[in-house]
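Visitor: my_file-v2.cif is the file, holding mmCIF, C-alpha atoms:
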```
data_upload
#
loop_
_atom_site.label_atom_id
_atom_site.label_comp_id
_atom_site.auth_asym_id
_atom_site.auth_seq_id
_atom_site.Cartn_x
_atom_site.Cartn_y
_atom_site.Cartn_z
CA MET A 1 0.00 0.00 0.00
CA ALA A 2 2.74 2.45 0.85
CA LYS A 3 4.39 1.78 -2.49
CA GLY A 4 1.20 2.45 -4.34
CA ASN A 5 0.63 5.78 -2.59
CA GLY A 6 4.12 6.94 -3.49
CA ALA A 7 3.53 6.28 -7.19
CA SER A 8 0.28 8.22 -7.08
CA LYS A 9 1.97 11.22 -5.47
CA LYS A 10 4.69 11.24 -8.12
CA LEU A 11 2.06 11.12 -10.87
CA LEU A 12 0.12 14.05 -9.35
CA ALA A 13 3.31 16.08 -8.96
CA LYS A 14 4.15 15.47 -12.60
CA LYS A 15 0.69 16.61 -13.71
CA ASP A 16 1.02 19.77 -11.59
CA MET A 17 4.34 20.55 -13.17
CA ASN A 18 2.91 20.11 -16.65
CA PHE A 19 -0.04 22.40 -15.81
CA PHE A 20 2.20 25.15 -14.46
CA ALA A 21 4.51 24.87 -17.48
CA GLU A 22 1.57 25.16 -19.84
CA PHE A 23 0.09 28.07 -17.85
CA THR A 24 3.42 29.86 -17.86
CA ALA A 25 3.76 29.42 -21.65
CA ASN A 26 0.24 30.78 -22.24
CA ALA A 27 0.90 33.72 -19.96
CA ALA A 28 4.10 34.53 -21.82
CA LYS A 29 2.28 34.29 -25.16
CA GLN A 30 -0.48 36.60 -23.96
CA ALA A 31 2.14 39.02 -22.67
CA ARG A 32 3.79 39.08 -26.09
CA MET A 33 0.40 39.63 -27.81
CA LEU A 34 -0.39 42.43 -25.40
CA GLY A 35 2.96 43.99 -26.18
CA TYR A 36 2.26 43.79 -29.90
CA ALA A 37 -1.17 45.37 -29.39
CA VAL A 38 0.30 48.18 -27.32
CA ALA A 39 2.99 48.78 -29.96
CA ALA A 40 0.38 48.80 -32.73
CA GLY A 41 -1.78 51.22 -30.74
CA ILE A 42 1.17 53.52 -30.20
CA LEU A 43 1.95 53.37 -33.93
CA VAL A 44 -1.66 54.23 -34.84
CA VAL A 45 -1.67 57.13 -32.41
CA PHE A 46 1.62 58.32 -33.88
CA VAL A 47 0.26 58.13 -37.43
CA VAL A 48 -2.95 59.97 -36.44
CA LEU A 49 -0.92 62.67 -34.69
CA ALA A 50 1.31 62.95 -37.77
CA PHE A 51 -1.77 63.45 -40.00
CA ILE A 52 -3.19 66.00 -37.57
CA VAL A 53 0.08 67.92 -37.56
CA ALA A 54 0.31 67.73 -41.36
CA PHE A 55 -3.29 68.97 -41.79
CA PHE A 56 -2.64 71.72 -39.25
CA ILE A 57 0.45 72.88 -41.12
CA ARG A 58 -1.37 72.66 -44.48
CA ASN A 59 -4.29 74.62 -43.01
CA GLN A 60 -1.90 77.32 -41.86
CA PHE A 61 -0.41 77.54 -45.36
CA ILE A 62 -3.93 77.82 -46.86
CA LYS A 63 -4.86 80.54 -44.38
CA ASN A 64 -1.68 82.41 -45.27
CA ASP A 65 -2.46 82.08 -48.98
CA ILE A 66 -6.00 83.34 -48.40
CA LYS A 67 -4.68 86.25 -46.38
CA ASN A 68 -2.16 87.12 -49.08
CA LEU A 69 -4.86 86.88 -51.76
CA GLN A 70 -7.17 89.13 -49.76
CA THR A 71 -4.35 91.62 -49.43
CA ILE A 72 -3.79 91.57 -53.20
CA LEU A 73 -7.53 91.95 -53.92
CA GLU A 74 -7.73 94.90 -51.53
CA SER A 75 -4.81 96.63 -53.20
CA ASP A 76 -5.24 99.65 -55.50
CA GLU A 77 -4.68 97.48 -58.56
CA TYR A 78 -7.85 95.45 -57.89
CA ALA A 79 -9.92 98.03 -56.01
CA ASN A 80 -11.72 99.25 -59.15
CA LEU A 81 -11.68 95.97 -61.06
CA GLU A 82 -15.44 95.44 -60.80
CA ASN A 83 -16.15 98.98 -61.96
CA GLU A 84 -13.77 98.52 -64.88
CA TYR A 85 -15.55 95.28 -65.78
CA LYS A 86 -18.92 97.07 -65.84
CA MET A 87 -17.50 99.88 -67.96
CA LEU A 88 -15.92 97.44 -70.42
CA LYS A 89 -19.18 95.49 -70.65
CA GLU A 90 -21.14 98.67 -71.42
CA LYS A 91 -18.51 99.66 -74.01
CA LEU A 92 -18.77 96.20 -75.62
CA ASN A 93 -22.56 96.58 -75.88
CA GLU A 94 -22.17 100.02 -77.45
CA MET A 95 -19.61 98.74 -79.96
CA THR A 96 -21.83 95.73 -80.76
CA ASN A 97 -24.81 98.01 -81.46
CA TYR A 98 -22.63 100.33 -83.54
CA ASN A 99 -21.22 97.40 -85.51
CA PHE A 100 -24.75 96.07 -86.10
CA ALA A 101 -25.90 99.46 -87.39
CA LEU A 102 -22.93 99.66 -89.76
CA THR A 103 -23.42 96.13 -91.08
CA GLN A 104 -27.15 96.84 -91.52
CA MET A 105 -26.29 99.81 -93.75
CA ARG A 106 -23.70 97.69 -95.55
CA LYS A 107 -26.37 95.03 -96.12
CA THR A 108 -28.59 97.62 -97.82
CA VAL A 109 -25.74 98.69 -100.08
CA ASP A 110 -24.71 95.10 -100.88
CA GLN A 111 -28.23 94.20 -101.97
CA ILE A 112 -28.18 96.83 -104.72
CA ASP A 113 -26.37 95.42 -107.74
CA PRO A 114 -25.53 97.90 -110.49
CA ALA A 115 -26.52 97.04 -114.04
CA PRO A 116 -23.59 95.50 -115.92
CA THR A 117 -21.87 98.21 -117.96
CA GLU A 118 -20.58 95.75 -120.55
CA LEU A 119 -24.06 94.48 -121.48
CA PRO A 120 -24.81 97.12 -124.20
CA GLU A 121 -21.59 96.14 -125.98
CA VAL A 122 -22.52 92.43 -125.76
CA LEU A 123 -26.00 93.23 -127.08
CA ALA A 124 -24.59 95.21 -130.05
CA LYS A 125 -22.33 92.31 -131.08
CA CYS A 126 -25.25 89.84 -131.12
CA ILE A 127 -27.61 91.81 -133.41
CA PRO A 128 -28.07 89.98 -136.75
CA SER A 129 -27.12 91.83 -139.92
CA ASP A 130 -30.74 92.06 -141.11
CA SER A 131 -32.00 93.59 -137.87
CA TYR A 132 -31.61 96.75 -135.84
CA LEU A 133 -32.73 97.93 -132.40
CA ASN A 134 -35.16 100.76 -131.97
CA ASP A 135 -34.56 101.21 -128.21
CA TYR A 136 -33.60 99.27 -125.09
CA MET A 137 -34.03 99.63 -121.32
CA LEU A 138 -31.55 98.18 -118.85
CA THR A 139 -32.29 98.07 -115.10
CA GLU A 140 -30.81 96.25 -112.14
CA SER A 141 -32.35 92.90 -113.07
CA GLN A 142 -34.27 93.39 -116.35
CA LEU A 143 -33.33 93.91 -119.99
CA GLU A 144 -35.98 94.97 -122.51
CA PHE A 145 -35.46 96.04 -126.10
CA THR A 146 -37.44 96.46 -129.33
CA GLY A 147 -36.41 96.52 -132.96
CA TYR A 148 -37.12 95.58 -136.55
CA THR A 149 -35.94 92.77 -138.80
CA PHE A 150 -36.49 91.49 -142.31
CA THR A 151 -36.37 87.85 -141.19
CA TYR A 152 -38.94 86.32 -138.85
CA TYR A 153 -36.43 84.12 -136.98
CA SER A 154 -33.72 86.74 -136.48
CA PRO A 155 -35.06 87.84 -133.02
CA VAL A 156 -34.88 84.20 -131.88
CA GLU A 157 -31.30 84.02 -133.14
CA LEU A 158 -30.50 87.23 -131.24
CA VAL A 159 -31.86 85.77 -128.00
CA TYR A 160 -29.91 82.55 -128.58
CA LEU A 161 -26.65 84.48 -128.97
CA LEU A 162 -27.37 86.42 -125.78
CA ASN A 163 -28.04 83.19 -123.89
CA GLN A 164 -24.68 81.90 -125.10
CA LYS A 165 -23.18 84.90 -123.29
CA ASN A 166 -25.05 84.00 -120.05
CA VAL A 167 -27.11 87.19 -120.11
CA PHE A 168 -30.49 85.83 -118.96
CA THR A 169 -31.31 83.61 -115.98
CA SER A 170 -34.12 81.89 -117.92
CA ARG A 171 -35.76 81.97 -121.34
CA PRO A 172 -36.86 85.56 -122.05
CA THR A 173 -40.15 86.60 -123.60
CA VAL A 174 -39.91 87.15 -127.38
CA GLU A 175 -42.70 88.68 -129.49
CA VAL A 176 -42.44 89.02 -133.28
CA LYS A 177 -45.15 90.70 -135.38
CA ARG A 178 -45.30 91.41 -139.06
CA ILE A 179 -45.62 95.09 -139.85
CA SER A 180 -48.89 95.65 -141.76
CA GLN A 181 -48.71 97.20 -145.23
CA GLU A 182 -51.14 99.91 -144.25
CA SER A 183 -48.93 101.06 -141.38
CA LYS A 184 -46.12 101.78 -143.84
CA GLY A 185 -48.20 104.40 -145.57
CA GLU A 186 -48.54 105.11 -149.28
CA ILE A 187 -45.54 105.53 -151.54
CA VAL A 188 -45.66 108.22 -154.28
CA ASP A 189 -44.08 107.39 -157.64
CA PRO A 190 -41.95 110.47 -158.47
CA GLN A 191 -42.43 109.96 -162.21
CA THR A 192 -46.15 109.32 -162.47
CA GLY A 193 -47.25 110.87 -159.18
CA LYS A 194 -49.38 107.83 -158.44
CA LYS A 195 -49.74 106.49 -154.93
CA TYR A 196 -49.35 102.80 -154.14
CA ILE A 197 -48.64 100.45 -151.20
CA ASP A 198 -45.28 98.63 -151.08
CA VAL A 199 -46.04 94.94 -150.74
CA LEU A 200 -42.56 93.68 -151.59
CA ASN A 201 -40.38 94.82 -148.69
CA ASN A 202 -41.98 92.98 -145.78
CA TYR A 203 -40.40 93.33 -142.33
CA TYR A 204 -41.18 92.52 -138.70
CA GLY A 205 -41.22 94.30 -135.37
CA PHE A 206 -39.99 92.44 -132.29
CA SER A 207 -39.69 92.95 -128.55
CA VAL A 208 -37.62 90.97 -126.03
CA SER A 209 -37.91 91.06 -122.22
CA GLY A 210 -35.93 88.91 -119.77
CA THR A 211 -34.41 88.68 -116.30
CA LEU A 212 -30.67 89.15 -116.16
CA VAL A 213 -28.28 86.82 -114.38
CA THR A 214 -28.11 88.49 -111.00
CA ASN A 215 -26.67 87.96 -107.55
CA VAL A 216 -28.67 86.84 -104.54
CA HIS A 217 -27.75 88.22 -101.14
CA ILE A 218 -28.04 86.09 -97.98
CA SER A 219 -27.93 88.07 -94.73
CA ILE A 220 -27.11 86.19 -91.50
CA THR A 221 -27.72 87.67 -88.05
CA ARG A 222 -27.07 85.97 -84.71
CA TYR A 223 -29.10 86.78 -81.60
CA GLU A 224 -28.93 85.84 -77.93
CA ASP A 225 -31.91 83.61 -77.13
CA ILE A 226 -32.76 84.84 -73.62
CA GLU A 227 -36.23 85.96 -72.61
CA GLY A 228 -36.47 89.74 -72.66
CA SER A 229 -33.15 90.11 -74.51
CA SER A 230 -32.67 91.49 -78.03
CA LYS A 231 -28.89 91.38 -77.91
CA THR A 232 -27.15 90.72 -81.21
CA LEU A 233 -24.04 88.56 -81.23
CA GLY A 234 -21.95 90.64 -83.62
CA GLY A 235 -22.98 92.34 -86.84
CA ILE A 236 -24.85 91.19 -89.94
CA GLN A 237 -22.94 88.82 -92.21
CA THR A 238 -23.81 89.04 -95.93
CA GLN A 239 -23.11 86.32 -98.49
CA THR A 240 -23.40 87.05 -102.20
CA GLU A 241 -24.44 84.05 -104.31
CA LYS A 242 -25.36 83.54 -107.95
CA ALA A 243 -29.10 83.07 -108.52
CA GLY A 244 -29.95 79.38 -108.61
CA SER A 245 -26.73 78.25 -106.91
CA THR A 246 -26.56 76.28 -103.66
CA TYR A 247 -25.03 77.98 -100.64
CA GLU A 248 -23.97 76.82 -97.16
CA ILE A 249 -23.65 78.39 -93.72
CA THR A 250 -21.28 76.48 -91.45
CA PRO A 251 -20.61 76.02 -88.60
CA VAL A 252 -23.95 76.91 -87.00
CA LYS A 253 -24.34 74.51 -84.07
CA SER A 254 -22.16 76.53 -81.69
CA TYR A 255 -20.84 80.08 -81.53
CA ASN A 256 -18.46 82.05 -79.34
CA TYR A 257 -18.88 85.75 -78.75
CA ALA A 258 -17.00 87.95 -76.27
CA GLY A 259 -15.57 84.87 -74.57
CA VAL A 260 -18.99 83.26 -74.04
CA ASP A 261 -19.91 79.91 -75.64
CA TYR A 262 -23.39 79.63 -77.17
CA THR A 263 -25.41 76.77 -78.66
CA LEU A 264 -28.02 77.01 -81.44
CA THR A 265 -31.68 76.93 -80.31
CA LYS A 266 -33.76 77.98 -83.35
CA ILE A 267 -33.60 79.45 -86.86
CA PHE A 268 -35.86 81.91 -88.67
CA VAL A 269 -35.72 82.26 -92.48
CA ASP A 270 -37.50 85.41 -93.66
CA ASP A 271 -39.26 85.48 -90.24
CA VAL A 272 -40.53 81.89 -90.66
CA LEU A 273 -39.44 79.39 -88.00
CA VAL A 274 -37.55 76.36 -89.35
CA ALA A 275 -39.48 73.15 -88.59
CA GLU A 276 -38.27 70.90 -85.79
CA GLY A 277 -37.25 68.04 -88.10
CA SER A 278 -35.26 70.29 -90.44
CA PHE A 279 -33.69 72.03 -87.44
CA ALA A 280 -32.53 68.68 -85.99
CA GLU A 281 -30.93 67.82 -89.34
CA ILE A 282 -29.15 71.19 -89.43
CA VAL A 283 -27.76 70.65 -85.92
CA LYS A 284 -26.70 67.10 -86.80
CA ASN A 285 -24.76 68.24 -89.89
CA ASP A 286 -23.65 71.52 -88.28
CA MET A 287 -24.61 73.23 -91.54
CA TYR A 288 -27.51 75.18 -93.07
CA THR A 289 -27.85 74.84 -96.84
CA ASP A 290 -30.38 76.10 -99.41
CA VAL A 291 -30.76 77.30 -103.00
CA ALA A 292 -30.24 81.01 -103.66
CA ARG A 293 -33.59 82.01 -105.14
CA LYS A 294 -33.95 85.55 -103.79
CA ASN A 295 -32.55 87.88 -101.16
CA THR A 296 -32.99 86.02 -97.88
CA ASP A 297 -32.79 87.07 -94.23
CA ILE A 298 -31.60 84.28 -91.87
CA LYS A 299 -31.70 84.75 -88.09
CA LEU A 300 -29.82 82.31 -85.84
CA PHE A 301 -30.72 82.27 -82.15
CA TYR A 302 -28.26 81.01 -79.53
CA ALA A 303 -28.45 80.32 -75.79
CA PRO A 304 -25.36 80.60 -73.56
CA VAL A 305 -23.92 77.23 -72.56
CA ALA A 306 -24.51 76.59 -68.82
CA ALA A 307 -21.29 76.18 -66.86
CA GLN A 308 -20.85 72.62 -65.62
CA ALA A 309 -20.56 72.17 -61.86
CA ALA A 310 -17.11 71.14 -60.67
CA PRO A 311 -16.94 67.53 -59.35
CA ALA A 312 -17.04 67.14 -55.58
CA GLN A 313 -13.69 66.50 -53.92
CA GLY A 314 -13.63 63.10 -52.25
#
```
Rewrite the structure from the file as structure tokens, please.

Guide:
Amino acid sequence: MAKGNGASKKLLAKKDMNFFAEFTANAAKQARMLGYAVAAGILVVFVVLAFIVAFFIRNQFIKNDIKNLQTILESDEYANLENEYKMLKEKLNEMTNYNFALTQMRKTVDQIDPAPTELPEVLAKCIPSDSYLNDYMLTESQLEFTGYTFTYYSPVELVYLLNQKNVFTSRPTVEVKRISQESKGEIVDPQTGKKYIDVLNNYYGFSVSGTLVTNVHISITRYEDIEGSSKTLGGIQTQTEKAGSTYEITPVKSYNYAGVDYTLTKIFVDDVLVAEGSFAEIVKNDMYTDVARKNTDIKLFYAPVAAQAAPAQG
């Protein structure tokens, strides 16, 4: 029995030693983990303090910059800047109105085409040998003349020769009439003294009237499309085109005036609003095109482009 009790005591002592060894190892491990946690906490605090100091220093620099900027803005150089801006804006409006008035007068002058001075010479060279002109009238866009000929088809030949010289825009009106024998009057034979009517020398009277090849003037005016505003964006632009030709206005989708960007909103042609579908096609192609048929007044309306908001700083 005594031997058995001794073995049991040794076994219990060994278990106690193992428990204390294990407990000591766990305690040491927890101490190391605690040390790591404390070190990490100190590092985090250090980093946070570093950021706080950096932000504080940066904030001081920003405040100094703001203070310096306020000092500059309060200086004599910038004291009257706003007043100067208002004065320059008023001057720009005055110059714009003056430019518009000048271009409006220029438009009136440009739309008056003088009659071609070389046309009488061209007309004289085309008259057939059996014909002569009685009179002619030449205006800005019309040519009319009358005459006599011994051949019925000579006036048609005259018109053909003029068309070869690009005188008329389209086929002119030609009238040929035979001169009646009675209108010639009686002829007195100097030998016999008898009166008779000449029926041998027949001739014809003719008249020709046609529209000359002329220029067509396209006036283009740009306006600011803001309710209650009649501001013009620059003066009147005038394009001179040959009648019947195709002309283009480009670009039209956007416009810049006095440093401000504008975008096209609507178009009026001779005070008639361009339909929505046609307008969309014009914006898509960035071009307005048409045939020059007559003097045309085109008004382009633009709205200022809204400034885009700056993206938020994250």

Visitor: At what distance in Å, to one decimal, does atom CA of A:Glu175 lie from atom CA of A:Phe206?

Guide: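 Calculated distance between atom CA of A:Phe206 and atom CA of A:Glu175 is 5.4 Å.
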
Visitor: Pick from A:Val159, A:Leu143, A:Met105, A:Ala275: nearest to A:Ile127, with all atoms listed in the file counted?

Guide: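 Looking only at the distances to A:Ile127, the closest residue turns out to be A:Val159.
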
Visitor: Need to verify the contact set: stretch 256-261 of chain A, 10 Å, all atoms listed in the file, exclusion of same-chain residues closer than 2 positions in sequence. Can you return it as a ChimeraX atom specification?

Guide: /A:89,92,232-234,254,263,302-307

Visitor: Distance atom CA of A:Glu241-atom CA of A:Thr214, one decimal place?

Guide: 8.8 Å

Visitor: For the file shown, report as a list in words the outcome of the PyMOL selection byres ((chain A and resi 99-103) around 12) at residue level.

Guide: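 Against this file, the PyMOL selection byres ((chain A and resi 99-103) around 12) returns the residues Leu92, Asn93, Glu94, Met95, Thr96, Asn97, Tyr98, Gln104, Met105, Arg106, Lys107, Thr108, Val109, Asp110, Ser219, Ile220, Thr221, Arg222, Tyr223, Lys231, Thr232, Leu233, Gly234, Gly235, Ile236, Gln237 and Thr238 of chain A.
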
Visitor: As a check of understanding, name the residues that the PyMOL selection byres ((chain A and resi 207) around 7) selects in the supplied structure, as number ranges by chain.

Guide: A: 145-147, 174-176, 206, 208-209

Visitor: To one decimal place, how far is atom CA of A:Ser278 from atom CA of A:Leu264 in Å?

Guide: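 Computing the Euclidean distance for atom CA of A:Ser278 and atom CA of A:Leu264 yields 13.4 Å.
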